[in-house]
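The structure appears below as structure tokens.
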Amino acid sequence: MNLNKVILVGRLTRDPESRSLPSGQQVTSFGLATDRFYNDKSGQRQQQTEFHNVVFFGRVAEIAAQYLKKGSLALIEGRVQTRSWEDNEGVKKYRTEIIGDSLQLGPRSGSYQTQTEQSRPEEVKEELPVILEDDEEIDIKDIPF
């Protein structure tokens, strides 16, 4: 059995770029940064950031282009794909991308909140926990975004 499945939660590193294929299907691409937090051998907390190229097709591409912007938090599900081509000098180039199947938008910033969301008391708003590799739970407020 083979499986090529990716689940990423991160922030966009640039605004989505959209274009249409000759067939008329929309394609949207953007960069996504994911962070990994861990403690090194000396006990110091470290952060490692990975950068991913994400591509969506069809209706999800339209939604991504409409609602996402640089800095937006998003959950992406898809698969890894590496494509290759030759540049003008004949040098073979490679690009590894996440071909997205589904998209979950992160929380909206304050300027986009509805009146109902703005009127809720702060203590009612639920904070999402982040589970680290060693199963230590920390509050999302402790993580710099």
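In the structure tokens, chains take letters A, B, ... by order of appearance, with residues numbered from 1 within each chain and ligands from 1 in the order shown.
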
Give me the residues within 6 Å of segment 12-19 of chain A as an NGL selection string, counting only C-alpha atoms and dropping any in the same chain fewer than 2 places off. :A and (26-32 or 65 or 69-72)

Can you tell me, as a PyMOL selection string, what residues are no more than 12 Å from Ser102 of chain A when counting only C-alpha atoms, ignoring any on the same chain fewer than 6 positions away? chain A and resi 5-8+54-61+63-64+74-79

Find, counting only C-alpha atoms, the residue in A:Leu21, A:Val9, A:Leu3, A:Ile98 that gets nearest to Val80 of chain A.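 Using only C-alpha atoms, the shortest distance to Val80 of chain A belongs to A:Ile98.
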
Which of segment 25-96 of chain A counts as alpha helix (DSSP H) under DSSP, as a list of chain:residue names please?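 The alpha helix (DSSP H) residues within segment 25-96 of chain A come out as A:Gly58, A:Arg59, A:Val60, A:Ala61, A:Glu62, A:Ile63, A:Ala64, A:Ala65, A:Gln66, A:Tyr67.
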
Based on DSSP run over this structure's backbone, return all residues of segment 3-116 of chain A in strand (DSSP E or B), as a ChimeraX atom specification. /A:6-12,17-20,26-39,45-57,73-86,92-105

Shell around Thr82 of chain A at 8 Å using only C-alpha atoms, local window under 6 positions removed, as a PyMOL selection string: chain A and resi 94-97
